[in-house]
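Okay, structure first, notes after.
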Amino acid sequence: MAAESSLRGASGVARPNDVREVRLDEIDHVLLAQLTRDARTPNNALAEMAGIAPSTCLARVRALVDKGVIRGFHADIDPAALGRDLEAMISVRLRADARPHMAQFAERMSATPEVLDVYFIAGADDYLLHVAMRDTGALRDFVLDHLSARPDVAATETILIFEHIRPRSGR
């Protein structure tokens, strides 16, 4: 496995290898394009598309994972199927004196079941949280209990999502 660098983002969270330094060839691009379209493509079909042996394909995909180019494989589950019909984006601004503890905030939020994604952003706010809730009461309680009540949070703004359309990549 490739050794991890000690790069740290502004949030204080350690970043894995800098993928900008990874050199991708034509075969890597074929593999990545197909896995983007369908991450469940069987290895032998993926190898055939790339024109390489299945064992080589498996090794190359594993190397792309080890280098951090492929960040993971996951199921994209609609939150409504789990009874969480209401989605929102919540921008969060931390207090100036809380800046040294940004990594702890991000870790705490990412460990909260209602939080789907945590984005460290530029601008007036520090984080953008994508959340899914049962209803408006649950959203209100989340904002009050997990954000407004926290001494490190200076301000929040909640934006309701009417529909979440995830582009299907045909790249």
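Following the order of the structure tokens, chains are lettered A, B, ..., residues in each are numbered from 1, and ligands are numbered from 1.
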If you run DSSP on the backbone, which residues of region 5-168 of chain A are strand (DSSP E or B), as an MDAnalysis selection string? chainID A and resid 8 14 86:94 115:120 127:133 153:161
Asp126 (chain A) surroundings by only C-alpha atoms, 6 Å radius, close-in-sequence under 5 positions cut, as number ranges by chain: A: 92-93, 120-121
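Between Val143 (chain A) and the candidates A:Ala75, A:Ala96, A:Glu26, A:Ala155, the tightest atom-to-atom separation, counting only C-alpha atoms, involves A:Ala155.
The space separating CA of Asp76 (chain A) from CA of Asp18 (chain A) comes to 25.8 Å.
If only C-alpha atoms are the atoms counted, then among A:Lys67, A:Ser110, A:Asp85, A:Leu32 the closest residue to Leu160 (chain A) is A:Asp85.
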Hey, what's within 9 Å of Ala80 (chain A) if we count only C-alpha atoms and toss same-chain stuff fewer than 4 positions away? As an NGL selection string, please? :A and (84-86 or 132-134)
Keeping N, CA and C atoms for every residue in the selection just given, could you write it to a file as a PDB file, in the first residue's frame?
ATOM      1  N   ARG A  84     -36.910   9.161   6.129  1.00  0.00           N
ATOM      2  CA  ARG A  84     -36.335  10.505   6.291  1.00  0.00           C
ATOM      3  C   ARG A  84     -36.609  11.282   5.001  1.00  0.00           C
ATOM      4  N   ASP A  85     -37.858  11.749   4.877  1.00  0.00           N
ATOM      5  CA  ASP A  85     -38.334  12.407   3.653  1.00  0.00           C
ATOM      6  C   ASP A  85     -37.841  13.831   3.477  1.00  0.00           C
ATOM      7  N   LEU A  86     -37.440  14.476   4.552  1.00  0.00           N
ATOM      8  CA  LEU A  86     -37.057  15.888   4.490  1.00  0.00           C
ATOM      9  C   LEU A  86     -35.536  16.021   4.445  1.00  0.00           C
ATOM     10  N   ALA A 132     -30.761  14.599   6.375  1.00  0.00           N
ATOM     11  CA  ALA A 132     -32.056  14.002   6.033  1.00  0.00           C
ATOM     12  C   ALA A 132     -32.785  13.709   7.331  1.00  0.00           C
ATOM     13  N   MET A 133     -34.030  14.187   7.402  1.00  0.00           N
ATOM     14  CA  MET A 133     -34.811  14.081   8.632  1.00  0.00           C
ATOM     15  C   MET A 133     -36.183  13.478   8.359  1.00  0.00           C
ATOM     16  N   ARG A 134     -36.822  13.053   9.415  1.00  0.00           N
ATOM     17  CA  ARG A 134     -38.173  12.503   9.350  1.00  0.00           C
ATOM     18  C   ARG A 134     -39.177  13.589   8.965  1.00  0.00           C
TER      19      ARG A 134
END
Name the residues in contact with Leu129 (chain A) at a cut-off of 10 Å, using only C-alpha atoms, excluding same-chain residues fewer than 3 positions from it; report them as a list in words. Ala88, Met89, Ile90, Ser91, Val92, Ala106, Met109, Ser110, Glu114, Val115, Leu116, Asp117, Val118, Tyr119, Phe120, Ala132 and Thr158 of chain A
At a cut-off of 8 Å, using only C-alpha atoms, what residues contact Leu147 (chain A)? Leave out same-chain residues fewer than 5 positions from it and give the result as a PyMOL selection string. chain A and resi 142+153+156
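Counting only C-alpha atoms and comparing A:Glu87, A:Asp78, A:Glu48, A:Asp152, the residue that lies closest to Arg99 (chain A) is A:Asp152.
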Helix (DSSP H, G or I) positions in region 17-154 of chain A, given as a VMD selection string: chain A and resid 19 to 21 26 to 37 43 to 50 54 to 66 79 to 82 96 to 110 136 to 148
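As for CA of Ser55 (chain A) and CA of Asn43 (chain A), they are spaced 8.7 Å apart.
Residues within 12 Å of Ala59 (chain A), counting only C-alpha atoms and excluding same-chain residues fewer than 4 positions away, are Met1, Asp28, Leu31, Asn43, Ala47, Ile52, Ala53, Pro54, Ser55, Ala63, Leu64, Val65 and Asp66 of chain A.
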Limited to N, CA, C and O atoms, could you put the picked residues into a file as a PDB file, in the first residue's frame?
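Okay, result_13.pdb is ready:
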ATOM      1  N   MET A   1       0.832  -1.188   0.000  1.00  0.00           N
ATOM      2  CA  MET A   1       0.000   0.000   0.000  1.00  0.00           C
ATOM      3  C   MET A   1       0.869   1.241   0.000  1.00  0.00           C
ATOM      4  O   MET A   1       1.918   1.265   0.605  1.00  0.00           O
ATOM      5  N   ASP A  28      -6.358   3.373 -16.851  1.00  0.00           N
ATOM      6  CA  ASP A  28      -6.960   3.876 -15.608  1.00  0.00           C
ATOM      7  C   ASP A  28      -8.218   4.679 -15.917  1.00  0.00           C
ATOM      8  O   ASP A  28      -9.240   4.546 -15.235  1.00  0.00           O
ATOM      9  N   LEU A  31     -11.069   2.339 -16.741  1.00  0.00           N
ATOM     10  CA  LEU A  31     -11.565   1.709 -15.518  1.00  0.00           C
ATOM     11  C   LEU A  31     -12.403   2.685 -14.699  1.00  0.00           C
ATOM     12  O   LEU A  31     -13.507   2.349 -14.253  1.00  0.00           O
ATOM     13  N   ASN A  43     -15.420  -7.708 -12.331  1.00  0.00           N
ATOM     14  CA  ASN A  43     -14.021  -7.527 -12.699  1.00  0.00           C
ATOM     15  C   ASN A  43     -13.712  -8.052 -14.092  1.00  0.00           C
ATOM     16  O   ASN A  43     -12.990  -7.413 -14.853  1.00  0.00           O
ATOM     17  N   ALA A  47     -12.265  -5.779 -17.024  1.00  0.00           N
ATOM     18  CA  ALA A  47     -10.995  -6.115 -17.672  1.00  0.00           C
ATOM     19  C   ALA A  47     -11.161  -6.157 -19.187  1.00  0.00           C
ATOM     20  O   ALA A  47     -10.306  -5.639 -19.928  1.00  0.00           O
ATOM     21  N   ILE A  52      -7.442  -5.677 -20.771  1.00  0.00           N
ATOM     22  CA  ILE A  52      -6.373  -6.237 -19.934  1.00  0.00           C
ATOM     23  C   ILE A  52      -6.872  -7.525 -19.285  1.00  0.00           C
ATOM     24  O   ILE A  52      -8.067  -7.823 -19.291  1.00  0.00           O
ATOM     25  N   ALA A  53      -5.955  -8.285 -18.708  1.00  0.00           N
ATOM     26  CA  ALA A  53      -6.307  -9.530 -18.030  1.00  0.00           C
ATOM     27  C   ALA A  53      -7.063  -9.224 -16.736  1.00  0.00           C
ATOM     28  O   ALA A  53      -6.805  -8.199 -16.089  1.00  0.00           O
ATOM     29  N   PRO A  54      -7.987 -10.099 -16.333  1.00  0.00           N
ATOM     30  CA  PRO A  54      -8.727  -9.877 -15.082  1.00  0.00           C
ATOM     31  C   PRO A  54      -7.824  -9.687 -13.863  1.00  0.00           C
ATOM     32  O   PRO A  54      -8.110  -8.842 -13.008  1.00  0.00           O
ATOM     33  N   SER A  55      -6.726 -10.446 -13.785  1.00  0.00           N
ATOM     34  CA  SER A  55      -5.816 -10.285 -12.638  1.00  0.00           C
ATOM     35  C   SER A  55      -5.158  -8.911 -12.650  1.00  0.00           C
ATOM     36  O   SER A  55      -4.989  -8.271 -11.597  1.00  0.00           O
ATOM     37  N   ALA A  63      -4.927  -0.739  -6.720  1.00  0.00           N
ATOM     38  CA  ALA A  63      -3.921   0.334  -6.645  1.00  0.00           C
ATOM     39  C   ALA A  63      -4.601   1.705  -6.654  1.00  0.00           C
ATOM     40  O   ALA A  63      -4.174   2.620  -5.931  1.00  0.00           O
ATOM     41  N   LEU A  64      -5.661   1.856  -7.456  1.00  0.00           N
ATOM     42  CA  LEU A  64      -6.395   3.131  -7.485  1.00  0.00           C
ATOM     43  C   LEU A  64      -7.069   3.407  -6.139  1.00  0.00           C
ATOM     44  O   LEU A  64      -7.138   4.556  -5.697  1.00  0.00           O
ATOM     45  N   VAL A  65      -7.511   2.360  -5.476  1.00  0.00           N
ATOM     46  CA  VAL A  65      -8.083   2.518  -4.138  1.00  0.00           C
ATOM     47  C   VAL A  65      -6.984   2.905  -3.154  1.00  0.00           C
ATOM     48  O   VAL A  65      -7.121   3.854  -2.369  1.00  0.00           O
ATOM     49  N   ASP A  66      -5.869   2.175  -3.187  1.00  0.00           N
ATOM     50  CA  ASP A  66      -4.755   2.435  -2.267  1.00  0.00           C
ATOM     51  C   ASP A  66      -4.212   3.854  -2.406  1.00  0.00           C
ATOM     52  O   ASP A  66      -3.809   4.473  -1.420  1.00  0.00           O
TER      53      ASP A  66
END
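Taking only C-alpha atoms into account, Pro167 (chain A) lies nearest to A:Thr36 out of the set A:Leu82, A:Arg60, A:Thr36, A:His29.
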